[in-house]
file entry.cif (mmCIF, C-alpha atoms and all ligand atoms)
data_coords
loop_
_atom_site.label_atom_id
_atom_site.label_comp_id
_atom_site.auth_asym_id
_atom_site.auth_seq_id
_atom_site.Cartn_x
_atom_site.Cartn_y
_atom_site.Cartn_z
CA MET A 4 -61.44 -50.61 9.56
CA ALA A 5 -61.48 -46.90 9.40
CA ASP A 6 -61.23 -45.44 12.83
CA LYS A 7 -58.00 -46.70 14.18
CA ASP A 8 -56.85 -44.42 16.93
CA PHE A 9 -53.07 -44.46 16.77
CA TYR A 10 -52.83 -42.65 20.09
CA LYS A 11 -55.05 -45.20 21.82
CA ILE A 12 -53.07 -48.05 20.27
CA LEU A 13 -49.87 -46.66 21.77
CA GLY A 14 -51.69 -45.78 25.02
CA ILE A 15 -50.77 -42.09 24.91
CA GLU A 16 -52.46 -38.68 24.88
CA ARG A 17 -53.07 -36.79 21.63
CA GLY A 18 -50.62 -34.13 22.65
CA ALA A 19 -47.84 -36.58 23.43
CA THR A 20 -44.26 -35.47 22.78
CA ASP A 21 -41.97 -37.27 20.35
CA GLN A 22 -40.14 -38.70 23.34
CA GLU A 23 -43.37 -40.08 24.84
CA ILE A 24 -44.34 -41.61 21.53
CA LYS A 25 -40.98 -43.33 21.20
CA LYS A 26 -41.14 -44.62 24.75
CA ALA A 27 -44.67 -45.95 24.33
CA TYR A 28 -43.74 -47.65 21.08
CA ARG A 29 -40.72 -49.40 22.64
CA ARG A 30 -42.80 -50.66 25.54
CA MET A 31 -45.61 -51.96 23.29
CA ALA A 32 -43.29 -53.38 20.67
CA GLN A 33 -41.45 -55.38 23.32
CA LYS A 34 -44.71 -56.61 24.79
CA TYR A 35 -46.17 -57.81 21.45
CA HIS A 36 -42.95 -58.76 19.67
CA PRO A 37 -43.44 -62.00 17.68
CA ASP A 38 -40.32 -63.49 19.26
CA LYS A 39 -42.00 -63.39 22.66
CA ASN A 40 -45.46 -64.37 21.45
CA GLU A 41 -44.98 -67.30 19.13
CA GLY A 42 -48.23 -68.50 17.66
CA ASN A 43 -50.23 -65.72 19.30
CA LYS A 44 -52.39 -64.26 16.54
CA GLU A 45 -53.70 -61.47 18.72
CA ALA A 46 -50.22 -60.34 19.66
CA GLU A 47 -49.20 -60.43 16.01
CA THR A 48 -52.06 -58.12 15.07
CA LYS A 49 -51.29 -55.84 17.98
CA PHE A 50 -47.65 -55.67 16.98
CA LYS A 51 -48.61 -54.67 13.45
CA GLU A 52 -50.95 -51.98 14.75
CA VAL A 53 -48.34 -50.58 17.08
CA SER A 54 -45.78 -50.44 14.29
CA GLU A 55 -48.24 -48.75 11.99
CA ALA A 56 -49.16 -46.24 14.69
CA TYR A 57 -45.52 -45.48 15.40
CA GLU A 58 -44.66 -45.14 11.74
CA THR A 59 -47.23 -42.42 11.43
CA LEU A 60 -46.86 -40.61 14.74
CA SER A 61 -43.04 -40.56 14.67
CA ASP A 62 -43.07 -38.81 11.32
CA LYS A 63 -43.82 -35.11 11.77
CA GLN A 64 -45.54 -34.70 8.41
CA LYS A 65 -47.57 -37.88 8.65
CA ARG A 66 -48.59 -37.05 12.19
CA THR A 67 -49.83 -33.57 11.22
CA MET A 68 -51.78 -35.12 8.37
CA TYR A 69 -53.23 -37.75 10.67
CA ASP A 70 -54.20 -35.19 13.32
CA GLN A 71 -55.90 -33.05 10.70
CA PHE A 72 -57.46 -35.65 8.48
CA GLY A 73 -57.47 -38.83 10.50
CA SER A 74 -55.23 -40.31 7.86
CA SER A 75 -51.51 -40.20 7.33
CA GLY A 76 -51.98 -40.67 3.64
CA SER A 77 -49.69 -43.67 3.81
CA SER A 78 -50.71 -46.65 1.80
CA GLY A 79 -50.99 -48.82 4.87
CA TYR A 80 -53.82 -46.83 6.27
CA GLY A 81 -57.31 -46.62 4.84
CA GLY A 82 -56.09 -48.44 1.77
CA GLY A 83 -58.19 -50.75 -0.29
CA GLY A 84 -60.22 -47.81 -1.55
CA GLY A 85 -61.57 -48.37 -5.03
CA GLY A 86 -60.07 -46.74 -8.05
CA ASN A 87 -62.45 -43.84 -7.80
CA ALA A 88 -61.73 -42.71 -4.32
CA GLY A 89 -58.17 -43.85 -3.89
CA GLY A 90 -56.49 -42.01 -1.06
CA PHE A 91 -59.69 -40.22 -0.25
CA ASN A 92 -60.44 -40.64 3.42
CA ALA A 93 -62.30 -38.25 5.63
CA GLN A 94 -62.22 -38.37 9.44
CA GLY A 95 -61.01 -41.91 9.20
CA PHE A 96 -63.93 -42.65 6.94
CA ASP A 97 -63.36 -44.66 3.86
CA PHE A 98 -65.78 -43.26 1.33
CA SER A 99 -65.03 -45.96 -1.16
CA SER A 100 -66.76 -48.39 1.14
CA PHE A 101 -70.07 -46.74 0.27
CA GLY A 102 -69.77 -48.11 -3.20
CA GLY A 103 -69.03 -46.73 -6.59
CA GLY A 104 -72.05 -44.45 -6.80
CA PHE A 105 -71.01 -42.32 -3.92
CA GLY A 106 -67.47 -42.20 -5.12
CA ASP A 107 -68.61 -40.98 -8.51
CA ILE A 108 -70.48 -38.07 -7.01
CA PHE A 109 -67.35 -36.93 -5.26
CA GLU A 110 -65.25 -37.53 -8.28
CA ASN A 111 -67.50 -35.25 -10.30
CA PHE A 112 -67.56 -32.72 -7.55
CA PHE A 113 -63.81 -32.58 -7.44
CA ASN A 114 -63.38 -32.23 -11.11
CA GLY A 115 -66.06 -29.65 -11.66
CA GLY A 116 -66.26 -27.99 -8.30
CA ALA A 117 -64.00 -27.17 -5.40
CA GLY A 118 -61.25 -29.31 -6.85
CA GLY A 119 -60.60 -26.60 -9.36
CA GLY A 120 -60.79 -28.52 -12.58
CA ALA A 121 -57.26 -29.80 -12.35
CA ARG A 122 -58.07 -32.42 -14.92
CA GLN A 123 -58.70 -29.77 -17.57
CA ASN A 124 -55.12 -28.67 -17.06
CA ALA A 125 -53.66 -31.98 -18.01
CA GLY A 126 -52.05 -32.13 -21.40
CA PRO A 127 -52.29 -29.22 -23.82
CA ARG A 128 -53.45 -25.99 -22.26
CA ARG A 129 -54.84 -22.93 -24.01
CA GLY A 130 -52.61 -19.86 -23.99
CA GLU A 131 -53.52 -16.77 -21.98
CA ASP A 132 -55.50 -13.90 -23.47
CA ILE A 133 -53.69 -10.60 -23.76
CA GLY A 134 -54.91 -7.03 -24.15
CA ALA A 135 -53.65 -3.87 -25.81
CA ASN A 136 -54.92 -0.29 -25.96
CA ILE A 137 -55.18 1.60 -29.22
CA THR A 138 -56.09 5.26 -29.61
CA ILE A 139 -57.33 6.52 -32.96
CA THR A 140 -58.45 9.92 -34.20
CA PHE A 141 -62.08 10.78 -34.81
CA GLU A 142 -61.34 10.84 -38.55
CA GLU A 143 -59.90 7.31 -38.34
CA SER A 144 -63.06 6.12 -36.65
CA VAL A 145 -64.88 7.28 -39.79
CA THR A 146 -62.54 5.78 -42.36
CA GLY A 147 -61.23 2.82 -40.40
CA ALA A 148 -57.55 2.44 -39.57
CA GLU A 149 -54.66 0.04 -39.58
CA ARG A 150 -52.06 -0.37 -36.90
CA GLU A 151 -48.99 -2.49 -36.41
CA LEU A 152 -48.59 -3.48 -32.80
CA GLU A 153 -45.37 -4.79 -31.40
CA ILE A 154 -46.30 -7.32 -28.76
CA THR A 155 -43.91 -9.44 -26.73
CA LYS A 156 -45.66 -12.70 -25.96
CA SER A 157 -45.23 -16.43 -25.68
CA GLU A 158 -44.94 -18.29 -28.95
CA LYS A 159 -44.76 -21.99 -29.58
CA CYS A 160 -41.09 -22.99 -29.39
CA ASP A 161 -39.77 -23.41 -32.93
CA HIS A 162 -36.88 -25.62 -31.88
CA CYS A 163 -38.96 -28.43 -30.37
CA LYS A 164 -42.18 -27.66 -32.26
CA GLY A 165 -43.87 -27.17 -28.91
CA ASN A 166 -43.34 -30.61 -27.39
CA GLY A 167 -40.55 -29.57 -25.00
CA ALA A 168 -38.07 -32.26 -26.07
CA GLU A 169 -34.72 -31.66 -27.66
CA PRO A 170 -35.15 -32.80 -31.28
CA GLY A 171 -33.95 -36.36 -31.76
CA THR A 172 -34.50 -37.36 -28.12
CA ARG A 173 -37.23 -39.60 -26.77
CA ILE A 174 -40.30 -38.61 -24.80
CA LYS A 175 -41.18 -40.91 -21.92
CA THR A 176 -44.07 -41.25 -19.49
CA CYS A 177 -43.66 -38.89 -16.52
CA THR A 178 -42.50 -40.80 -13.48
CA SER A 179 -43.88 -38.26 -10.99
CA CYS A 180 -47.50 -38.70 -12.02
CA ASN A 181 -47.24 -41.96 -13.97
CA GLY A 182 -48.55 -40.21 -17.02
CA THR A 183 -51.79 -38.94 -15.49
CA GLY A 184 -50.56 -35.33 -15.49
CA GLU A 185 -51.82 -34.70 -11.99
CA ILE A 186 -50.86 -35.27 -8.39
CA ARG A 187 -53.48 -36.09 -5.78
CA GLN A 188 -53.25 -34.56 -2.34
CA MET A 189 -55.37 -34.08 0.77
CA ARG A 190 -56.53 -30.61 1.58
CA GLN A 191 -58.59 -28.99 4.30
CA THR A 192 -61.57 -27.10 2.87
CA LEU A 193 -64.83 -25.60 4.07
CA PHE A 194 -66.48 -28.93 3.38
CA GLY A 195 -64.00 -30.82 5.47
CA GLN A 196 -60.98 -32.65 4.18
CA MET A 197 -60.87 -33.44 0.56
CA ALA A 198 -58.66 -35.14 -1.90
CA THR A 199 -57.76 -32.61 -4.52
CA THR A 200 -55.64 -32.86 -7.57
CA ARG A 201 -53.07 -30.47 -8.86
CA VAL A 202 -51.14 -30.34 -12.09
CA CYS A 203 -47.94 -32.34 -11.99
CA ASP A 204 -44.96 -30.00 -11.59
CA GLU A 205 -42.62 -32.33 -13.37
CA CYS A 206 -44.46 -32.62 -16.68
CA GLY A 207 -46.73 -29.55 -16.43
CA GLY A 208 -49.75 -31.82 -16.81
CA ALA A 209 -48.71 -33.41 -20.08
CA GLY A 210 -48.07 -36.80 -18.47
CA LYS A 211 -44.91 -37.07 -20.51
CA THR A 212 -41.41 -35.75 -20.01
CA PRO A 213 -38.62 -35.61 -22.54
CA ASP A 214 -35.44 -37.60 -22.07
CA GLN A 215 -33.66 -34.35 -22.73
CA LYS A 216 -35.48 -31.06 -22.39
CA CYS A 217 -35.44 -28.70 -25.34
CA THR A 218 -32.34 -26.52 -25.06
CA VAL A 219 -34.22 -23.46 -26.26
CA CYS A 220 -37.41 -23.44 -24.16
CA HIS A 221 -36.08 -25.73 -21.40
CA GLY A 222 -39.11 -27.93 -21.75
CA THR A 223 -41.70 -25.20 -21.23
CA THR A 224 -42.77 -25.59 -24.89
CA ARG A 225 -42.94 -21.82 -25.31
CA THR A 226 -40.51 -18.96 -25.86
CA ARG A 227 -40.98 -15.21 -25.44
CA LYS A 228 -40.90 -13.38 -28.71
CA LYS A 229 -41.62 -10.02 -30.20
CA ASP A 230 -44.46 -10.23 -32.62
CA ILE A 231 -45.78 -7.61 -35.00
CA VAL A 232 -49.52 -7.86 -35.14
CA LYS A 233 -51.30 -6.08 -37.98
CA VAL A 234 -54.61 -4.75 -36.81
CA LYS A 235 -57.49 -3.56 -38.95
CA ILE A 236 -59.87 -1.25 -37.14
CA PRO A 237 -63.21 -1.10 -38.93
CA ALA A 238 -64.81 2.15 -40.06
CA GLY A 239 -67.53 3.27 -37.68
CA ILE A 240 -65.91 1.92 -34.52
CA SER A 241 -66.94 3.82 -31.42
CA ASP A 242 -64.97 4.90 -28.40
CA GLY A 243 -64.64 2.15 -25.78
CA SER A 244 -65.12 -0.75 -28.20
CA THR A 245 -63.18 -3.97 -27.89
CA ILE A 246 -61.93 -6.00 -30.82
CA ARG A 247 -61.09 -9.64 -30.28
CA LEU A 248 -58.41 -11.20 -32.47
CA SER A 249 -58.89 -14.90 -32.10
CA GLY A 250 -55.68 -16.88 -31.70
CA LYS A 251 -53.44 -13.81 -31.45
CA GLY A 252 -52.81 -14.17 -27.71
CA GLU A 253 -50.18 -16.23 -25.94
CA ALA A 254 -49.22 -19.61 -27.33
CA GLY A 255 -50.74 -22.62 -25.57
CA ILE A 256 -48.68 -24.88 -23.32
CA ASN A 257 -47.84 -28.33 -24.66
CA ALA A 258 -48.98 -27.30 -28.13
CA GLY A 259 -52.39 -26.19 -26.81
CA PRO A 260 -54.36 -23.56 -28.75
CA TYR A 261 -53.44 -19.89 -28.70
CA GLY A 262 -55.28 -17.41 -26.49
CA ASP A 263 -56.94 -14.31 -27.91
CA LEU A 264 -55.79 -10.72 -28.27
CA TYR A 265 -58.21 -8.08 -27.06
CA LEU A 266 -57.83 -4.54 -28.39
CA HIS A 267 -59.43 -1.75 -26.43
CA ILE A 268 -60.17 1.16 -28.74
CA SER A 269 -60.23 4.79 -27.64
CA VAL A 270 -61.42 7.44 -30.09
CA LYS A 271 -60.06 10.93 -29.61
CA HIS A 272 -62.46 13.78 -28.99
CA HIS A 273 -63.05 16.08 -31.99
CA LYS A 274 -63.38 19.83 -31.59
CA ASP A 275 -66.15 20.18 -34.18
CA PHE A 276 -68.01 16.88 -34.16
CA LEU A 277 -69.93 15.02 -31.52
CA ARG A 278 -71.00 11.46 -32.17
CA SER A 279 -74.37 10.13 -31.05
CA GLY A 280 -75.04 6.59 -32.21
CA ASN A 281 -74.21 6.76 -35.90
CA ASP A 282 -75.22 10.41 -36.18
CA ILE A 283 -72.88 13.36 -35.93
CA HIS A 284 -73.81 16.70 -34.42
CA ALA A 285 -72.10 19.98 -35.23
CA GLU A 286 -72.72 23.72 -35.10
CA GLN A 287 -72.21 26.24 -37.87
CA LYS A 288 -71.96 29.97 -37.39
CA ILE A 289 -73.38 32.20 -40.14
CA HIS A 290 -73.77 35.93 -40.41
CA VAL A 291 -77.07 37.25 -39.16
CA LEU A 292 -77.81 38.54 -42.64
CA GLN A 293 -77.30 35.07 -44.13
CA GLY A 294 -80.00 33.93 -41.74
CA VAL A 295 -82.24 36.87 -42.58
CA LEU A 296 -81.77 36.84 -46.33
CA GLY A 297 -80.91 33.17 -46.94
CA ASP A 298 -77.78 31.79 -48.56
CA GLU A 299 -75.98 28.68 -49.67
CA ILE A 300 -73.12 27.77 -47.35
CA ASP A 301 -70.38 25.20 -47.03
CA VAL A 302 -70.87 22.84 -44.08
CA LYS A 303 -67.93 20.88 -42.72
CA THR A 304 -68.70 17.16 -42.43
CA VAL A 305 -66.46 14.17 -41.76
CA TYR A 306 -66.48 13.59 -45.53
CA GLY A 307 -65.41 17.14 -46.35
CA LYS A 308 -67.40 20.25 -47.27
CA VAL A 309 -71.01 19.91 -48.31
CA LYS A 310 -73.28 22.65 -49.73
CA LEU A 311 -76.29 23.53 -47.61
CA LYS A 312 -79.08 25.91 -48.60
CA ILE A 313 -80.06 28.30 -45.83
CA PRO A 314 -83.55 29.59 -46.46
CA ALA A 315 -84.31 33.27 -45.83
CA GLY A 316 -85.60 33.75 -42.30
CA THR A 317 -83.50 31.07 -40.63
CA SER A 318 -83.37 31.60 -36.88
CA SER A 319 -80.41 30.84 -34.68
CA GLY A 320 -80.65 27.29 -33.30
CA LYS A 321 -82.34 25.86 -36.36
CA VAL A 322 -81.05 22.35 -37.12
CA PHE A 323 -80.56 21.00 -40.61
CA LYS A 324 -80.03 17.36 -41.50
CA LEU A 325 -77.52 16.19 -44.07
CA LYS A 326 -78.69 12.67 -44.75
CA ASN A 327 -76.06 9.92 -44.89
CA TYR A 328 -73.22 12.21 -43.87
CA GLY A 329 -72.89 10.62 -40.43
CA MET A 330 -70.80 7.71 -39.19
CA PRO A 331 -70.71 4.49 -41.15
CA LYS A 332 -72.32 1.54 -39.43
CA ILE A 333 -69.68 -1.14 -38.83
CA ASN A 334 -69.52 -3.74 -41.61
CA SER A 335 -72.35 -2.11 -43.51
CA SER A 336 -72.89 0.50 -46.20
CA ILE A 337 -75.45 2.24 -44.00
CA LYS A 338 -74.50 5.63 -42.61
CA GLY A 339 -75.95 7.88 -39.99
CA ASP A 340 -76.82 11.55 -40.61
CA HIS A 341 -75.02 14.80 -40.00
CA PHE A 342 -76.99 17.37 -38.03
CA VAL A 343 -75.88 20.96 -38.22
CA LYS A 344 -77.24 23.58 -35.85
CA ILE A 345 -77.15 27.11 -37.21
CA ILE A 346 -75.84 29.86 -34.95
CA LEU A 347 -76.47 33.41 -36.19
CA ASP A 348 -73.39 35.45 -35.65
CA ILE A 349 -74.18 39.03 -34.64
CA PRO A 350 -71.51 41.52 -35.73
CA ASN A 351 -70.18 43.43 -32.74
CA LYS A 352 -68.36 46.10 -34.69
CA LEU A 353 -70.21 48.22 -37.21
CA THR A 354 -69.02 50.89 -39.54
CA LYS A 355 -70.89 54.18 -39.42
CA ARG A 356 -72.68 53.28 -42.62
CA GLU A 357 -73.68 49.87 -41.33
CA LYS A 358 -74.98 51.39 -38.13
CA GLU A 359 -77.15 53.83 -40.12
CA LEU A 360 -78.55 51.01 -42.19
CA TYR A 361 -79.37 48.92 -39.13
CA GLU A 362 -81.01 51.90 -37.48
CA GLU A 363 -83.06 52.50 -40.56
CA LEU A 364 -84.18 48.91 -40.46
CA ALA A 365 -85.06 49.28 -36.82
CA HIS A 366 -87.09 52.41 -37.58
CA ASN A 367 -88.81 50.62 -40.38
CA ALA A 368 -89.69 47.78 -38.02
CA LYS A 369 -91.21 50.37 -35.65
CA LEU A 370 -88.74 49.38 -32.97
CA ASN A 371 -88.49 52.21 -30.50
CA LEU A 372 -84.91 51.56 -29.49
CA LYS A 373 -84.02 53.11 -26.12
CA GLU A 374 -80.29 52.77 -26.37
CA SER A 375 -79.00 54.64 -29.35
CA SER A 376 -75.98 56.83 -29.82
CA LYS A 377 -76.18 60.56 -30.41
CA ASP A 378 -74.90 60.57 -33.93
CA GLY A 379 -77.18 57.78 -34.98
CA PHE A 380 -80.47 57.55 -36.85
CA PHE A 381 -82.53 59.68 -34.48
CA SER A 382 -80.14 62.61 -34.40
CA HIS A 383 -79.88 62.42 -38.13
CA PHE A 384 -83.60 63.02 -38.63
CA LYS A 385 -83.98 65.77 -36.02
ZN ZN A 401 -46.11 -35.70 -14.46
ZN ZN A 402 -38.52 -25.95 -27.14
#

call {"tool": "encode", "arguments": {"input": "entry.cif", "output": "structure tokens"}}
result
Amino acid sequence: MADKDFYKILGIERGATDQEIKKAYRRMAQKYHPDKNEGNKEAETKFKEVSEAYETLSDKQKRTMYDQFGSSGSSGYGGGGGGNAGGFNAQGFDFSSFGGGFGDIFENFFNGGAGGGARQNAGPRRGEDIGANITITFEESVTGAERELEITKSEKCDHCKGNGAEPGTRIKTCTSCNGTGEIRQMRQTLFGQMATTRVCDECGGAGKTPDQKCTVCHGTTRTRKKDIVKVKIPAGISDGSTIRLSGKGEAGINAGPYGDLYLHISVKHHKDFLRSGNDIHAEQKIHVLQGVLGDEIDVKTVYGKVKLKIPAGTSSGKVFKLKNYGMPKINSSIKGDHFVKIILDIPNKLTKREKELYEELAHNAKLNLKESSKDGFFSHFK
């Protein structure tokens, strides 16, 4: 039954004008009219075909559809398709005639594949995820931090409790989609023409519409609201981390679940500390004599000052480890270490006395210094 050629039936070319179509229909309709062909079964069939052809080709939308898909989408054509493949005709082919199995394959394909999962959209829908950026100081990344974020987002409508109906009014089955929540339509795709489904505009996929829409959300089931979200940022968080707050995103549609809130954390750079994993690296300047003679110094860590013993004879560049003075590991009592690199600070201004003492040391070390001032050690001993 599938490949009826409406143009052939009317005896016209595919590119026929509206005028030509009308003319051809009148001629054929007169020829096969039941009044002139009483009892003629063949003429009766012909007349029906001609009428059907004209109904489609005289309607701009139906004709375009027919030219593209070989079907006008009208119930009269290609009908009789099983429940599975209803309205699904390709190139005048009725897929339902292949039997249920074939139809099922396409059904699955549409719902999981190119069709775009329209069915998942029916009824309650999960709210969208939202994101926010938070910048914390290096110190806060050590101790953890709390923030209050003001976020404007969709919330479930309080007035209708998220069902979209004005309280006290009835909710009825959507007449646009007959309660299925979706509208089927033909579409041209890479794979040829396909029946696809889209969410019903009228009910937003719920399959139900209120007698009277909620006066606050106008039936959308959600309202925009400012929300204060308290955020706890754990100690030890590193720059570039993301925290997911489940259910803190946009409200779902039709009382669907909330989306999530994603927080993107930036940690400010610190002038003294550099983080590497859970360890912290820093430098500490000490006087050259502290390195030569040894000392006990205060080292700045993220937990405050800590005493460090510098042994006599410590060279510049020597690294000391302060165990467990690094970053805390998230959700753990474990901490990294603090590494301090010693930099010997050479004095660049000496008093006369200091200069003499250094020169004496140099002499003692048998250093034959080439660059020495006139009034220094050598002149002194002349
Ligand atoms: Zn609907
Ligand atoms: Zn409402």

call {"tool": "closest_atom_pairs", "arguments": {"input": "entry.cif", "of": "chain A", "to": "ligand ZN 401 (chain A)", "cutoff": "9 Å", "atoms": "all atoms listed in the file", "output": "JSON lines"}}
result
{"residue": "A:Thr176", "atom": "CA", "partner": "A:ZN401", "partner_atom": "ZN", "distance": 7.8}
{"residue": "A:Cys177", "atom": "CA", "partner": "A:ZN401", "partner_atom": "ZN", "distance": 4.5}
{"residue": "A:Thr178", "atom": "CA", "partner": "A:ZN401", "partner_atom": "ZN", "distance": 6.3}
{"residue": "A:Ser179", "atom": "CA", "partner": "A:ZN401", "partner_atom": "ZN", "distance": 4.9}
{"residue": "A:Cys180", "atom": "CA", "partner": "A:ZN401", "partner_atom": "ZN", "distance": 4.1}
{"residue": "A:Asn181", "atom": "CA", "partner": "A:ZN401", "partner_atom": "ZN", "distance": 6.4}
{"residue": "A:Gly182", "atom": "CA", "partner": "A:ZN401", "partner_atom": "ZN", "distance": 5.7}
{"residue": "A:Thr183", "atom": "CA", "partner": "A:ZN401", "partner_atom": "ZN", "distance": 6.6}
{"residue": "A:Gly184", "atom": "CA", "partner": "A:ZN401", "partner_atom": "ZN", "distance": 4.6}
{"residue": "A:Glu185", "atom": "CA", "partner": "A:ZN401", "partner_atom": "ZN", "distance": 6.3}
{"residue": "A:Ile186", "atom": "CA", "partner": "A:ZN401", "partner_atom": "ZN", "distance": 7.7}
{"residue": "A:Val202", "atom": "CA", "partner": "A:ZN401", "partner_atom": "ZN", "distance": 7.7}
{"residue": "A:Cys203", "atom": "CA", "partner": "A:ZN401", "partner_atom": "ZN", "distance": 4.6}
{"residue": "A:Asp204", "atom": "CA", "partner": "A:ZN401", "partner_atom": "ZN", "distance": 6.5}
{"residue": "A:Glu205", "atom": "CA", "partner": "A:ZN401", "partner_atom": "ZN", "distance": 5.0}
{"residue": "A:Cys206", "atom": "CA", "partner": "A:ZN401", "partner_atom": "ZN", "distance": 4.1}
{"residue": "A:Gly207", "atom": "CA", "partner": "A:ZN401", "partner_atom": "ZN", "distance": 6.5}
{"residue": "A:Gly208", "atom": "CA", "partner": "A:ZN401", "partner_atom": "ZN", "distance": 5.8}
{"residue": "A:Ala209", "atom": "CA", "partner": "A:ZN401", "partner_atom": "ZN", "distance": 6.6}
{"residue": "A:Gly210", "atom": "CA", "partner": "A:ZN401", "partner_atom": "ZN", "distance": 4.6}
{"residue": "A:Lys211", "atom": "CA", "partner": "A:ZN401", "partner_atom": "ZN", "distance": 6.3}
{"residue": "A:Thr212", "atom": "CA", "partner": "A:ZN401", "partner_atom": "ZN", "distance": 7.3}

call {"tool": "atom_distance", "arguments": {"input": "entry.cif", "atom1": "atom CA of A:Ala285", "atom2": "atom CA of A:Val343"}}
result
4.9 Å

call {"tool": "residues_near_ligand", "arguments": {"input": "entry.cif", "ligand": "ligand ZN 402 (chain A)", "cutoff": "10 Å", "atoms": "all atoms listed in the file", "output": "list of chain:residue names"}}
result
A:Lys159, A:Cys160, A:Asp161, A:His162, A:Cys163, A:Lys164, A:Gly165, A:Asn166, A:Gly167, A:Ala168, A:Glu169, A:Pro170, A:Lys216, A:Cys217, A:Thr218, A:Val219, A:Cys220, A:His221, A:Gly222, A:Thr223, A:Thr224, A:Arg225, A:Thr226, A:Asn257

call {"tool": "write_last_selection", "arguments": {"input": "entry.cif", "atoms": "C-alpha atoms", "output": "short mmCIF file (atom, residue, chain, number, x, y, z; two decimals), keeping the file's coordinate frame"}}
result
data_model
loop_
_atom_site.label_atom_id
_atom_site.label_comp_id
_atom_site.auth_asym_id
_atom_site.auth_seq_id
_atom_site.Cartn_x
_atom_site.Cartn_y
_atom_site.Cartn_z
CA LYS A 159 -44.76 -21.99 -29.58
CA CYS A 160 -41.09 -22.99 -29.39
CA ASP A 161 -39.77 -23.41 -32.93
CA HIS A 162 -36.88 -25.62 -31.88
CA CYS A 163 -38.96 -28.43 -30.37
CA LYS A 164 -42.18 -27.66 -32.26
CA GLY A 165 -43.87 -27.17 -28.91
CA ASN A 166 -43.34 -30.61 -27.39
CA GLY A 167 -40.55 -29.57 -25.00
CA ALA A 168 -38.07 -32.26 -26.07
CA GLU A 169 -34.72 -31.66 -27.66
CA PRO A 170 -35.15 -32.80 -31.28
CA LYS A 216 -35.48 -31.06 -22.39
CA CYS A 217 -35.44 -28.70 -25.34
CA THR A 218 -32.34 -26.52 -25.06
CA VAL A 219 -34.22 -23.46 -26.26
CA CYS A 220 -37.41 -23.44 -24.16
CA HIS A 221 -36.08 -25.73 -21.40
CA GLY A 222 -39.11 -27.93 -21.75
CA THR A 223 -41.70 -25.20 -21.23
CA THR A 224 -42.77 -25.59 -24.89
CA ARG A 225 -42.94 -21.82 -25.31
CA THR A 226 -40.51 -18.96 -25.86
CA ASN A 257 -47.84 -28.33 -24.66
#

call {"tool": "atom_distance", "arguments": {"input": "entry.cif", "atom1": "atom CA of A:Leu347", "atom2": "atom CA of A:Ile300"}}
result
12.9 Å

call {"tool": "closest_residue", "arguments": {"input": "entry.cif", "among": "A:Glu158, A:Met68, A:Arg190, A:Val145", "to": "A:Tyr306", "atoms": "all atoms listed in the file"}}
result
A:Val145
